[in-house]
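Student: Pasting in a structure now, in structure tokens, and then I'll have a few things to ask.
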There are 2 protein chains.
Amino acid sequence: MGKSNLAAEILLFTDGACSGNPGPGGWAAILRHVESDKEKKISGSEARTTNNRMELMAAIEGLRAINADRRHRVCLISDSQYVIFGLTQWIKGWIANDWRRGKKSNAPPVLNVDLWKTLYELSQQHDMTYEHVRGHSGHLENEECDRMAVAAIKDLKRGND
Amino acid sequence: MGKSNLAAEILLFTDGACSGNPGPGGWAAILRHVESDKEKKISGSEARTTNNRMELMAAIEGLRAINADRRHRVCLISDSQYVIFGLTQWIKGWIANDWRRGKKSNAPPVLNVDLWKTLYELSQQHDMTYEHVRGHSGHLENEECDRMAVAAIKDLKRGND
RNA sequence: GGACACCGGGUUAC
DNA sequence: GTAACCCGGTGTCC
């Protein structure tokens, strides 16, 4: 529980899972309104995707579930360094370098740009803080997200999506 | 499978690797006699070299492994544009300009001239065709050469060379 | 400005 | 072991 958490109105826990990478994937998010302690849970799946795309989707759909009528103070909590470092550090360079992975003109393109652009726009609509937690280390909400994401894959495979 | 391949008697696949660039390096070549389907594999290493020198060495040693009693139709297949374009396009200009990278007398010198001269002489002894393949894109012999070159470095590091 | 290679490091998922 | 992703670099040429 860092200082950043104390100020947040909304805690957004996210996780993604992928059975095969690439393969069937699921994502999940838990939104907690700190003051009221109300919680919302959402999850979804895709037939063929990657682990990183599911981590991004969890954050995107989580942010989409927040009312955009005004800016909220949101703390995004994920076990994905890809998501957290991407949003807090790497994305500035990507934008500066026209979504390439480096300054050289023939540097390879950043992947999953579609999701990164969407996530970036959504993050700009609120006052965001970020926290990286280690996966599978007893973090309650993170583990619940993990279970939900895995369940979403299972539903997909059973055709119950 | 271009026309050029159909005519070749010998397919020569090559690759180089370098752990650090510059650093310990390895090279490898697979020679396939098309008619008999017989194969020969060779590899080697150097304690301190560069990626491009190893790519050149792979081609040099590959050509050296071909019997020079008469001219053979050889197709050299490499993922190094440095090697393929060097041999098919650039080297004419280098020779014309006394191994300089341009026509001006103060143009910078071509690097690795020792290897380029050796490779050029060897290539003149046969009827060569050339093919560039993308690295790490599922090309069987190229990937096998890659493994052999990396293994050569490993042997070197273990002192088993 | 362009291209092909060669690495070093880190995280996750199978 | 392989695959999805990111950061940082050099070797070489046009």
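Going through the structure tokens in order, the chains are called A, B, and so on, while each chain numbers its residues from 1 and the ligands are numbered from 1 in the order shown.
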Mind the document's chain letters and residue numbers, and return as a PDB file with N, CA, C and O atoms, in the first residue's frame the residues of region 60-107 of chain B that DSSP labels alpha helix (DSSP H).
Tutor:
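Saved as states.pdb:
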```pdb
ATOM      1  N   ILE B  60      33.803 -18.286 -46.786  1.00  0.00           N
ATOM      2  CA  ILE B  60      35.169 -18.643 -47.204  1.00  0.00           C
ATOM      3  C   ILE B  60      35.446 -20.115 -46.946  1.00  0.00           C
ATOM      4  O   ILE B  60      35.873 -20.860 -47.834  1.00  0.00           O
ATOM      5  N   GLU B  61      35.193 -20.548 -45.739  1.00  0.00           N
ATOM      6  CA  GLU B  61      35.496 -21.943 -45.390  1.00  0.00           C
ATOM      7  C   GLU B  61      34.568 -22.896 -46.136  1.00  0.00           C
ATOM      8  O   GLU B  61      34.974 -24.001 -46.492  1.00  0.00           O
ATOM      9  N   GLY B  62      33.355 -22.449 -46.371  1.00  0.00           N
ATOM     10  CA  GLY B  62      32.445 -23.276 -47.162  1.00  0.00           C
ATOM     11  C   GLY B  62      32.992 -23.498 -48.572  1.00  0.00           C
ATOM     12  O   GLY B  62      33.019 -24.622 -49.074  1.00  0.00           O
ATOM     13  N   LEU B  63      33.446 -22.432 -49.195  1.00  0.00           N
ATOM     14  CA  LEU B  63      33.992 -22.566 -50.546  1.00  0.00           C
ATOM     15  C   LEU B  63      35.291 -23.373 -50.541  1.00  0.00           C
ATOM     16  O   LEU B  63      35.560 -24.133 -51.465  1.00  0.00           O
ATOM     17  N   ARG B  64      36.067 -23.220 -49.513  1.00  0.00           N
ATOM     18  CA  ARG B  64      37.324 -23.976 -49.414  1.00  0.00           C
ATOM     19  C   ARG B  64      37.067 -25.474 -49.317  1.00  0.00           C
ATOM     20  O   ARG B  64      37.914 -26.283 -49.679  1.00  0.00           O
ATOM     21  N   GLN B  81      23.068  -9.838 -45.785  1.00  0.00           N
ATOM     22  CA  GLN B  81      23.108  -8.977 -46.958  1.00  0.00           C
ATOM     23  C   GLN B  81      24.508  -8.446 -47.166  1.00  0.00           C
ATOM     24  O   GLN B  81      24.932  -8.221 -48.305  1.00  0.00           O
ATOM     25  N   TYR B  82      25.217  -8.287 -46.096  1.00  0.00           N
ATOM     26  CA  TYR B  82      26.612  -7.856 -46.170  1.00  0.00           C
ATOM     27  C   TYR B  82      27.402  -8.792 -47.090  1.00  0.00           C
ATOM     28  O   TYR B  82      28.137  -8.339 -47.981  1.00  0.00           O
ATOM     29  N   VAL B  83      27.236 -10.074 -46.918  1.00  0.00           N
ATOM     30  CA  VAL B  83      27.945 -11.051 -47.749  1.00  0.00           C
ATOM     31  C   VAL B  83      27.361 -11.102 -49.160  1.00  0.00           C
ATOM     32  O   VAL B  83      28.089 -11.016 -50.150  1.00  0.00           O
ATOM     33  N   ILE B  84      26.041 -11.217 -49.259  1.00  0.00           N
ATOM     34  CA  ILE B  84      25.414 -11.441 -50.560  1.00  0.00           C
ATOM     35  C   ILE B  84      25.524 -10.203 -51.455  1.00  0.00           C
ATOM     36  O   ILE B  84      25.961 -10.289 -52.600  1.00  0.00           O
ATOM     37  N   PHE B  85      25.147  -9.046 -50.919  1.00  0.00           N
ATOM     38  CA  PHE B  85      25.258  -7.830 -51.729  1.00  0.00           C
ATOM     39  C   PHE B  85      26.710  -7.478 -51.977  1.00  0.00           C
ATOM     40  O   PHE B  85      27.072  -6.958 -53.036  1.00  0.00           O
ATOM     41  N   ILE B  91      31.340  -5.342 -54.590  1.00  0.00           N
ATOM     42  CA  ILE B  91      32.763  -5.643 -54.712  1.00  0.00           C
ATOM     43  C   ILE B  91      33.352  -5.112 -56.019  1.00  0.00           C
ATOM     44  O   ILE B  91      34.530  -4.754 -56.081  1.00  0.00           O
ATOM     45  N   LYS B  92      32.529  -5.010 -57.057  1.00  0.00           N
ATOM     46  CA  LYS B  92      33.043  -4.474 -58.326  1.00  0.00           C
ATOM     47  C   LYS B  92      33.525  -3.043 -58.130  1.00  0.00           C
ATOM     48  O   LYS B  92      34.600  -2.662 -58.590  1.00  0.00           O
ATOM     49  N   GLY B  93      32.696  -2.264 -57.446  1.00  0.00           N
ATOM     50  CA  GLY B  93      33.075  -0.886 -57.183  1.00  0.00           C
ATOM     51  C   GLY B  93      34.305  -0.785 -56.290  1.00  0.00           C
ATOM     52  O   GLY B  93      35.174   0.061 -56.497  1.00  0.00           O
ATOM     53  N   TRP B  94      34.365  -1.671 -55.304  1.00  0.00           N
ATOM     54  CA  TRP B  94      35.510  -1.631 -54.395  1.00  0.00           C
ATOM     55  C   TRP B  94      36.808  -1.884 -55.150  1.00  0.00           C
ATOM     56  O   TRP B  94      37.817  -1.223 -54.919  1.00  0.00           O
ATOM     57  N   ILE B  95      36.773  -2.876 -56.050  1.00  0.00           N
ATOM     58  CA  ILE B  95      37.978  -3.190 -56.820  1.00  0.00           C
ATOM     59  C   ILE B  95      38.326  -2.018 -57.733  1.00  0.00           C
ATOM     60  O   ILE B  95      39.481  -1.597 -57.829  1.00  0.00           O
ATOM     61  N   ALA B  96      37.304  -1.463 -58.350  1.00  0.00           N
ATOM     62  CA  ALA B  96      37.546  -0.340 -59.258  1.00  0.00           C
ATOM     63  C   ALA B  96      38.117   0.856 -58.517  1.00  0.00           C
ATOM     64  O   ALA B  96      38.922   1.613 -59.065  1.00  0.00           O
TER      65      ALA B  96
END
```
Student: What's the 10 Å shell around region 19-28 of chain B, counting only C-alpha atoms (C1' of nucleotides), without same-chain residues fewer than 3 positions away, as number ranges by chain?
Tutor: B: 13-16, 41-59, 61-62, 142, 144-157; C: 6-8; D: 9-11
Student: Keeping only C-alpha atoms (C1' of nucleotides), write the selected residues to a file as a PDB file, in the first residue's frame.
Tutor:
```pdb
ATOM      1  CA  PHE B  13      24.377 -22.605 -46.644  1.00  0.00           C
ATOM      2  CA  THR B  14      26.343 -20.390 -44.263  1.00  0.00           C
ATOM      3  CA  ASP B  15      25.889 -18.425 -41.072  1.00  0.00           C
ATOM      4  CA  GLY B  16      27.977 -16.579 -38.529  1.00  0.00           C
ATOM      5  CA  LYS B  41      28.933 -29.723 -42.266  1.00  0.00           C
ATOM      6  CA  ILE B  42      31.798 -27.612 -40.998  1.00  0.00           C
ATOM      7  CA  SER B  43      32.186 -25.008 -38.301  1.00  0.00           C
ATOM      8  CA  GLY B  44      34.815 -23.039 -36.465  1.00  0.00           C
ATOM      9  CA  SER B  45      35.404 -20.240 -34.005  1.00  0.00           C
ATOM     10  CA  GLU B  46      37.579 -17.277 -33.111  1.00  0.00           C
ATOM     11  CA  ALA B  47      38.294 -15.780 -29.728  1.00  0.00           C
ATOM     12  CA  ARG B  48      37.621 -12.165 -30.693  1.00  0.00           C
ATOM     13  CA  THR B  49      35.952 -11.105 -33.912  1.00  0.00           C
ATOM     14  CA  THR B  50      32.800  -9.457 -35.297  1.00  0.00           C
ATOM     15  CA  ASN B  51      29.501 -10.699 -36.632  1.00  0.00           C
ATOM     16  CA  ASN B  52      30.306  -9.696 -40.181  1.00  0.00           C
ATOM     17  CA  ARG B  53      33.736 -11.314 -40.172  1.00  0.00           C
ATOM     18  CA  MET B  54      32.106 -14.543 -39.061  1.00  0.00           C
ATOM     19  CA  GLU B  55      29.581 -14.303 -41.885  1.00  0.00           C
ATOM     20  CA  LEU B  56      32.460 -13.884 -44.301  1.00  0.00           C
ATOM     21  CA  MET B  57      34.430 -16.741 -42.737  1.00  0.00           C
ATOM     22  CA  ALA B  58      31.493 -19.097 -43.101  1.00  0.00           C
ATOM     23  CA  ALA B  59      31.393 -18.408 -46.842  1.00  0.00           C
ATOM     24  CA  GLU B  61      35.496 -21.943 -45.390  1.00  0.00           C
ATOM     25  CA  GLY B  62      32.445 -23.276 -47.162  1.00  0.00           C
ATOM     26  CA  ASN B 142      19.974 -21.525 -42.106  1.00  0.00           C
ATOM     27  CA  GLU B 144      20.916 -25.372 -38.440  1.00  0.00           C
ATOM     28  CA  CYS B 145      23.940 -23.274 -39.403  1.00  0.00           C
ATOM     29  CA  ASP B 146      22.946 -20.815 -36.710  1.00  0.00           C
ATOM     30  CA  ARG B 147      22.887 -23.564 -34.114  1.00  0.00           C
ATOM     31  CA  MET B 148      26.241 -24.898 -35.269  1.00  0.00           C
ATOM     32  CA  ALA B 149      27.863 -21.467 -35.166  1.00  0.00           C
ATOM     33  CA  VAL B 150      26.542 -20.830 -31.673  1.00  0.00           C
ATOM     34  CA  ALA B 151      27.702 -24.288 -30.593  1.00  0.00           C
ATOM     35  CA  ALA B 152      31.175 -23.468 -31.900  1.00  0.00           C
ATOM     36  CA  ILE B 153      31.302 -20.453 -29.621  1.00  0.00           C
ATOM     37  CA  LYS B 154      30.209 -22.563 -26.702  1.00  0.00           C
ATOM     38  CA  ASP B 155      32.926 -25.103 -27.413  1.00  0.00           C
ATOM     39  CA  LEU B 156      35.430 -22.299 -27.609  1.00  0.00           C
ATOM     40  CA  LYS B 157      34.369 -20.977 -24.238  1.00  0.00           C
TER      41      LYS B 157
ATOM     42  C1'   C C   6      25.093  -9.867 -34.519  1.00  0.00           C
ATOM     43  C1'   C C   7      24.523  -9.403 -29.514  1.00  0.00           C
ATOM     44  C1'   G C   8      23.724  -7.891 -24.019  1.00  0.00           C
TER      45        G C   8
ATOM     46  C1'  DG D   9      24.059  -1.604 -27.951  1.00  0.00           C
ATOM     47  C1'  DT D  10      27.757  -2.844 -32.362  1.00  0.00           C
ATOM     48  C1'  DG D  11      29.211  -4.574 -37.186  1.00  0.00           C
TER      49       DG D  11
END
```
Student: Once chain B is fitted onto chain A by least squares over all its in-order Cα atoms, send the moved chain as an mmCIF file with C-alpha atoms, in the first residue's frame.
Tutor:
```
data_model
loop_
_atom_site.group_PDB
_atom_site.id
_atom_site.type_symbol
_atom_site.label_atom_id
_atom_site.label_comp_id
_atom_site.auth_asym_id
_atom_site.auth_seq_id
_atom_site.Cartn_x
_atom_site.Cartn_y
_atom_site.Cartn_z
ATOM 1 C CA MET B 1 0.290 0.402 0.252
ATOM 2 C CA GLY B 2 2.134 3.358 -1.242
ATOM 3 C CA LYS B 3 1.138 6.972 -0.919
ATOM 4 C CA SER B 4 -0.261 6.860 -4.424
ATOM 5 C CA ASN B 5 -2.927 4.409 -3.348
ATOM 6 C CA LEU B 6 -4.142 6.610 -0.553
ATOM 7 C CA ALA B 7 -5.078 9.331 -2.962
ATOM 8 C CA ALA B 8 -6.843 7.107 -5.489
ATOM 9 C CA GLU B 9 -10.623 7.048 -5.730
ATOM 10 C CA ILE B 10 -10.621 3.892 -7.773
ATOM 11 C CA LEU B 11 -8.336 0.880 -7.585
ATOM 12 C CA LEU B 12 -8.149 -1.032 -10.841
ATOM 13 C CA PHE B 13 -6.683 -4.527 -10.591
ATOM 14 C CA THR B 14 -6.065 -6.331 -13.877
ATOM 15 C CA ASP B 15 -4.657 -9.576 -15.196
ATOM 16 C CA GLY B 16 -4.442 -11.491 -18.439
ATOM 17 C CA ALA B 17 -4.034 -15.168 -19.238
ATOM 18 C CA CYS B 18 -3.323 -17.096 -22.384
ATOM 19 C CA SER B 19 -3.514 -20.816 -22.902
ATOM 20 C CA GLY B 20 -0.688 -21.538 -25.302
ATOM 21 C CA ASN B 21 0.774 -18.095 -26.071
ATOM 22 C CA PRO B 22 -0.293 -17.573 -28.687
ATOM 23 C CA GLY B 23 -3.621 -19.268 -28.104
ATOM 24 C CA PRO B 24 -7.013 -18.737 -26.517
ATOM 25 C CA GLY B 25 -6.796 -15.864 -24.054
ATOM 26 C CA GLY B 26 -8.719 -14.243 -21.239
ATOM 27 C CA TRP B 27 -8.553 -10.984 -19.320
ATOM 28 C CA ALA B 28 -10.139 -9.747 -16.121
ATOM 29 C CA ALA B 29 -10.390 -6.588 -14.041
ATOM 30 C CA ILE B 30 -11.616 -5.682 -10.587
ATOM 31 C CA LEU B 31 -12.618 -2.062 -9.986
ATOM 32 C CA ARG B 32 -12.926 -0.958 -6.404
ATOM 33 C CA HIS B 33 -14.421 2.395 -5.436
ATOM 34 C CA VAL B 34 -12.383 3.143 -2.365
ATOM 35 C CA GLU B 35 -14.850 5.348 -0.530
ATOM 36 C CA SER B 36 -17.933 3.204 -0.947
ATOM 37 C CA ASP B 37 -15.987 -0.059 -1.104
ATOM 38 C CA LYS B 38 -18.191 -1.063 -4.012
ATOM 39 C CA GLU B 39 -16.666 -3.481 -6.469
ATOM 40 C CA LYS B 40 -17.182 -4.281 -10.109
ATOM 41 C CA LYS B 41 -15.704 -7.279 -11.876
ATOM 42 C CA ILE B 42 -15.421 -7.762 -15.611
ATOM 43 C CA SER B 43 -13.774 -10.317 -17.841
ATOM 44 C CA GLY B 44 -13.594 -11.407 -21.438
ATOM 45 C CA SER B 45 -11.835 -13.684 -23.878
ATOM 46 C CA GLU B 46 -10.428 -14.021 -27.373
ATOM 47 C CA ALA B 47 -10.006 -17.114 -29.483
ATOM 48 C CA ARG B 48 -6.397 -16.472 -30.492
ATOM 49 C CA THR B 49 -4.178 -13.871 -28.887
ATOM 50 C CA THR B 50 -1.044 -13.457 -26.747
ATOM 51 C CA ASN B 51 -0.359 -13.053 -23.063
ATOM 52 C CA ASN B 52 0.702 -9.448 -23.428
ATOM 53 C CA ARG B 53 -2.316 -8.465 -25.503
ATOM 54 C CA MET B 54 -4.531 -9.894 -22.789
ATOM 55 C CA GLU B 55 -2.684 -7.887 -20.150
ATOM 56 C CA LEU B 56 -3.287 -4.781 -22.221
ATOM 57 C CA MET B 57 -6.943 -5.661 -22.812
ATOM 58 C CA ALA B 58 -7.549 -6.059 -19.099
ATOM 59 C CA ALA B 59 -6.306 -2.511 -18.507
ATOM 60 C CA ILE B 60 -8.227 -1.114 -21.473
ATOM 61 C CA GLU B 61 -11.535 -2.675 -20.523
ATOM 62 C CA GLY B 62 -10.975 -1.781 -16.902
ATOM 63 C CA LEU B 63 -10.545 1.879 -17.783
ATOM 64 C CA ARG B 64 -13.516 1.752 -20.134
ATOM 65 C CA ALA B 65 -15.655 0.606 -17.224
ATOM 66 C CA ILE B 66 -14.966 3.876 -15.413
ATOM 67 C CA ASN B 67 -17.477 6.655 -15.939
ATOM 68 C CA ALA B 68 -15.861 9.272 -18.175
ATOM 69 C CA ASP B 69 -18.088 12.145 -17.093
ATOM 70 C CA ARG B 70 -15.161 13.603 -15.204
ATOM 71 C CA ARG B 71 -11.548 12.811 -14.362
ATOM 72 C CA HIS B 72 -11.060 10.237 -11.623
ATOM 73 C CA ARG B 73 -7.996 9.407 -9.605
ATOM 74 C CA VAL B 74 -7.313 5.839 -10.676
ATOM 75 C CA CYS B 75 -4.576 3.490 -9.502
ATOM 76 C CA LEU B 76 -3.880 0.722 -12.000
ATOM 77 C CA ILE B 77 -2.392 -2.367 -10.383
ATOM 78 C CA SER B 78 -0.971 -5.133 -12.570
ATOM 79 C CA ASP B 79 1.633 -7.887 -12.412
ATOM 80 C CA SER B 80 2.703 -7.066 -15.950
ATOM 81 C CA GLN B 81 5.793 -4.949 -16.211
ATOM 82 C CA TYR B 82 4.994 -4.767 -19.883
ATOM 83 C CA VAL B 83 1.847 -2.795 -19.058
ATOM 84 C CA ILE B 84 3.147 -0.783 -16.104
ATOM 85 C CA PHE B 85 6.542 0.198 -17.497
ATOM 86 C CA GLY B 86 5.011 0.677 -20.921
ATOM 87 C CA LEU B 87 2.613 3.255 -19.585
ATOM 88 C CA THR B 88 4.946 4.959 -17.139
ATOM 89 C CA GLN B 89 8.233 4.983 -19.041
ATOM 90 C CA TRP B 90 8.398 3.537 -22.503
ATOM 91 C CA ILE B 91 5.390 5.079 -24.195
ATOM 92 C CA LYS B 92 6.850 8.596 -24.188
ATOM 93 C CA GLY B 93 9.768 7.409 -26.253
ATOM 94 C CA TRP B 94 7.531 5.425 -28.558
ATOM 95 C CA ILE B 95 5.405 8.479 -29.303
ATOM 96 C CA ALA B 96 8.473 10.624 -29.800
ATOM 97 C CA ASN B 97 9.930 8.061 -32.191
ATOM 98 C CA ASP B 98 6.726 7.463 -34.126
ATOM 99 C CA TRP B 99 6.073 4.099 -32.430
ATOM 100 C CA ARG B 100 9.509 2.706 -33.049
ATOM 101 C CA ARG B 101 11.749 1.053 -30.490
ATOM 102 C CA GLY B 102 14.551 3.543 -30.770
ATOM 103 C CA LYS B 103 15.530 6.799 -32.352
ATOM 104 C CA LYS B 104 16.855 5.422 -35.588
ATOM 105 C CA SER B 105 14.419 5.648 -38.468
ATOM 106 C CA ASN B 106 14.926 1.966 -39.188
ATOM 107 C CA ALA B 107 14.364 0.868 -35.593
ATOM 108 C CA PRO B 108 11.889 -2.006 -35.287
ATOM 109 C CA PRO B 109 8.256 -1.030 -34.723
ATOM 110 C CA VAL B 110 6.529 -1.309 -31.368
ATOM 111 C CA LEU B 111 4.107 -4.230 -31.374
ATOM 112 C CA ASN B 112 0.471 -4.147 -30.311
ATOM 113 C CA VAL B 113 0.308 -0.482 -31.297
ATOM 114 C CA ASP B 114 -3.454 -0.679 -31.712
ATOM 115 C CA LEU B 115 -3.901 -1.554 -28.066
ATOM 116 C CA TRP B 116 -1.202 0.785 -26.809
ATOM 117 C CA LYS B 117 -2.806 3.774 -28.548
ATOM 118 C CA THR B 118 -6.223 2.907 -27.136
ATOM 119 C CA LEU B 119 -4.845 2.387 -23.666
ATOM 120 C CA TYR B 120 -2.900 5.624 -23.802
ATOM 121 C CA GLU B 121 -5.952 7.648 -24.780
ATOM 122 C CA LEU B 122 -8.016 6.127 -22.001
ATOM 123 C CA SER B 123 -5.296 6.777 -19.468
ATOM 124 C CA GLN B 124 -5.190 10.449 -20.465
ATOM 125 C CA GLN B 125 -8.812 10.857 -19.413
ATOM 126 C CA HIS B 126 -8.026 10.287 -15.742
ATOM 127 C CA ASP B 127 -5.376 11.068 -13.145
ATOM 128 C CA MET B 128 -3.474 7.828 -13.147
ATOM 129 C CA THR B 129 -1.039 6.208 -10.790
ATOM 130 C CA TYR B 130 0.476 2.804 -11.349
ATOM 131 C CA GLU B 131 1.666 -0.074 -9.255
ATOM 132 C CA HIS B 132 3.394 -3.291 -10.189
ATOM 133 C CA VAL B 133 2.793 -6.347 -8.029
ATOM 134 C CA ARG B 134 4.425 -9.732 -8.325
ATOM 135 C CA GLY B 135 2.178 -12.414 -9.751
ATOM 136 C CA HIS B 136 1.209 -15.457 -7.736
ATOM 137 C CA SER B 137 2.621 -14.078 -4.523
ATOM 138 C CA GLY B 138 -0.473 -13.958 -2.395
ATOM 139 C CA HIS B 139 -1.887 -10.686 -3.689
ATOM 140 C CA LEU B 140 -5.619 -11.249 -3.228
ATOM 141 C CA GLU B 141 -7.125 -9.177 -6.024
ATOM 142 C CA ASN B 142 -4.403 -10.134 -8.466
ATOM 143 C CA GLU B 143 -5.039 -13.796 -7.850
ATOM 144 C CA GLU B 144 -8.771 -13.290 -8.182
ATOM 145 C CA CYS B 145 -8.217 -11.586 -11.538
ATOM 146 C CA ASP B 146 -6.046 -14.515 -12.536
ATOM 147 C CA ARG B 147 -8.819 -16.950 -11.714
ATOM 148 C CA MET B 148 -11.370 -14.877 -13.601
ATOM 149 C CA ALA B 149 -9.170 -14.620 -16.684
ATOM 150 C CA VAL B 150 -8.555 -18.359 -16.687
ATOM 151 C CA ALA B 151 -12.275 -18.981 -16.191
ATOM 152 C CA ALA B 152 -12.986 -16.787 -19.211
ATOM 153 C CA ILE B 153 -10.793 -19.024 -21.331
ATOM 154 C CA LYS B 154 -12.578 -22.072 -20.031
ATOM 155 C CA ASP B 155 -15.947 -20.569 -20.888
ATOM 156 C CA LEU B 156 -14.657 -19.764 -24.333
ATOM 157 C CA LYS B 157 -13.551 -23.333 -24.864
ATOM 158 C CA ARG B 158 -16.946 -24.602 -23.769
ATOM 159 C CA GLY B 159 -18.631 -22.212 -26.152
ATOM 160 C CA ASN B 160 -20.335 -20.381 -23.301
ATOM 161 C CA ASP B 161 -18.824 -17.022 -24.006
#
```
Student: Could you make a table, as a tab-separated table, of the residues of chain D that have an atom within 10 Å of an atom of chain A, each with its nearest atom pair and distance in Å to one decimal, counting only C-alpha atoms (C1' of nucleotides), in chain and number order?
Tutor:
```
residue	atom	partner	partner_atom	distance
D:DT2	C1'	A:Asn21	CA	9.9
D:DA3	C1'	A:Asn21	CA	6.2
D:DA4	C1'	A:Thr50	CA	6.3
D:DC5	C1'	A:Asn52	CA	6.8
D:DC6	C1'	A:Tyr82	CA	6.8
D:DC7	C1'	A:Trp90	CA	8.6
D:DG8	C1'	A:Gly102	CA	9.4
```
Student: With N, CA, C and O atoms (P, O5', C5', C4', C3', O3' and C1' of nucleotides) retained, export the selected residues as a short mmCIF file (atom, residue, chain, number, x, y, z; two decimals), in the first residue's frame.
Tutor:
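Dumped everything to result-v1.cif:
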```
data_model
loop_
_atom_site.label_atom_id
_atom_site.label_comp_id
_atom_site.auth_asym_id
_atom_site.auth_seq_id
_atom_site.Cartn_x
_atom_site.Cartn_y
_atom_site.Cartn_z
P DT D 2 14.34 -23.70 -28.43
"O5'" DT D 2 12.78 -23.47 -28.32
"C5'" DT D 2 11.85 -24.35 -28.97
"C4'" DT D 2 10.51 -23.64 -29.00
"C3'" DT D 2 10.59 -22.27 -29.67
"O3'" DT D 2 9.49 -22.09 -30.54
"C1'" DT D 2 9.76 -22.03 -27.47
P DA D 3 9.46 -20.74 -31.45
"O5'" DA D 3 8.46 -19.80 -30.63
"C5'" DA D 3 7.11 -20.20 -30.49
"C4'" DA D 3 6.38 -19.17 -29.66
"C3'" DA D 3 6.60 -17.75 -30.15
"O3'" DA D 3 5.34 -17.19 -30.52
"C1'" DA D 3 6.88 -17.91 -27.79
P DA D 4 5.30 -15.77 -31.24
"O5'" DA D 4 5.05 -14.80 -30.01
"C5'" DA D 4 3.78 -14.78 -29.40
"C4'" DA D 4 3.79 -13.84 -28.23
"C3'" DA D 4 4.09 -12.38 -28.61
"O3'" DA D 4 3.00 -11.59 -28.20
"C1'" DA D 4 5.34 -13.06 -26.72
P DC D 5 2.86 -10.08 -28.69
"O5'" DC D 5 3.84 -9.27 -27.71
"C5'" DC D 5 4.94 -8.53 -28.24
"C4'" DC D 5 5.63 -7.95 -27.04
"C3'" DC D 5 6.83 -7.07 -27.32
"O3'" DC D 5 6.40 -5.76 -27.70
"C1'" DC D 5 7.18 -8.45 -25.41
P DC D 6 7.43 -4.77 -28.36
"O5'" DC D 6 8.34 -4.27 -27.14
"C5'" DC D 6 7.76 -3.45 -26.14
"C4'" DC D 6 8.73 -3.30 -24.98
"C3'" DC D 6 10.10 -2.75 -25.36
"O3'" DC D 6 10.04 -1.32 -25.44
"C1'" DC D 6 10.36 -4.56 -23.89
P DC D 7 11.20 -0.57 -26.27
"O5'" DC D 7 12.45 -0.54 -25.29
"C5'" DC D 7 12.35 0.10 -24.03
"C4'" DC D 7 13.62 -0.13 -23.24
"C3'" DC D 7 14.90 0.25 -23.96
"O3'" DC D 7 15.18 1.63 -23.76
"C1'" DC D 7 15.14 -1.89 -22.99
P DG D 8 15.97 2.40 -24.94
"O5'" DG D 8 17.44 1.79 -24.85
"C5'" DG D 8 18.23 1.98 -23.68
"C4'" DG D 8 19.49 1.15 -23.75
"C3'" DG D 8 20.34 1.31 -25.01
"O3'" DG D 8 21.20 2.45 -24.89
"C1'" DG D 8 20.14 -0.98 -24.47
#
```
Student: Name the residues of region 30-146 of chain B that come out as strand (DSSP E) in a backbone DSSP run; write them as a PyMOL selection string.
Tutor: chain B and resi 30-33+38-49+73-78+127-132
Student: Could you write out as a list of chain:residue names the residues of chain C within 7 Å of chain A, counting only C-alpha atoms (C1' of nucleotides)?
Tutor: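 So the contacting residues turn out to be C:U11, C:A13, C:C14.
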Student: Generate a file of the selected residues that holds C-alpha atoms (C1' of nucleotides), formatted as an mmCIF file, in the first residue's frame.
Tutor:
```cif
data_model
loop_
_atom_site.group_PDB
_atom_site.id
_atom_site.type_symbol
_atom_site.label_atom_id
_atom_site.label_comp_id
_atom_site.auth_asym_id
_atom_site.auth_seq_id
_atom_site.Cartn_x
_atom_site.Cartn_y
_atom_site.Cartn_z
ATOM 1 C "C1'" U C 11 9.472 -9.533 -17.701
ATOM 2 C "C1'" A C 13 3.260 -17.019 -20.804
ATOM 3 C "C1'" C C 14 3.404 -22.181 -22.230
#
```
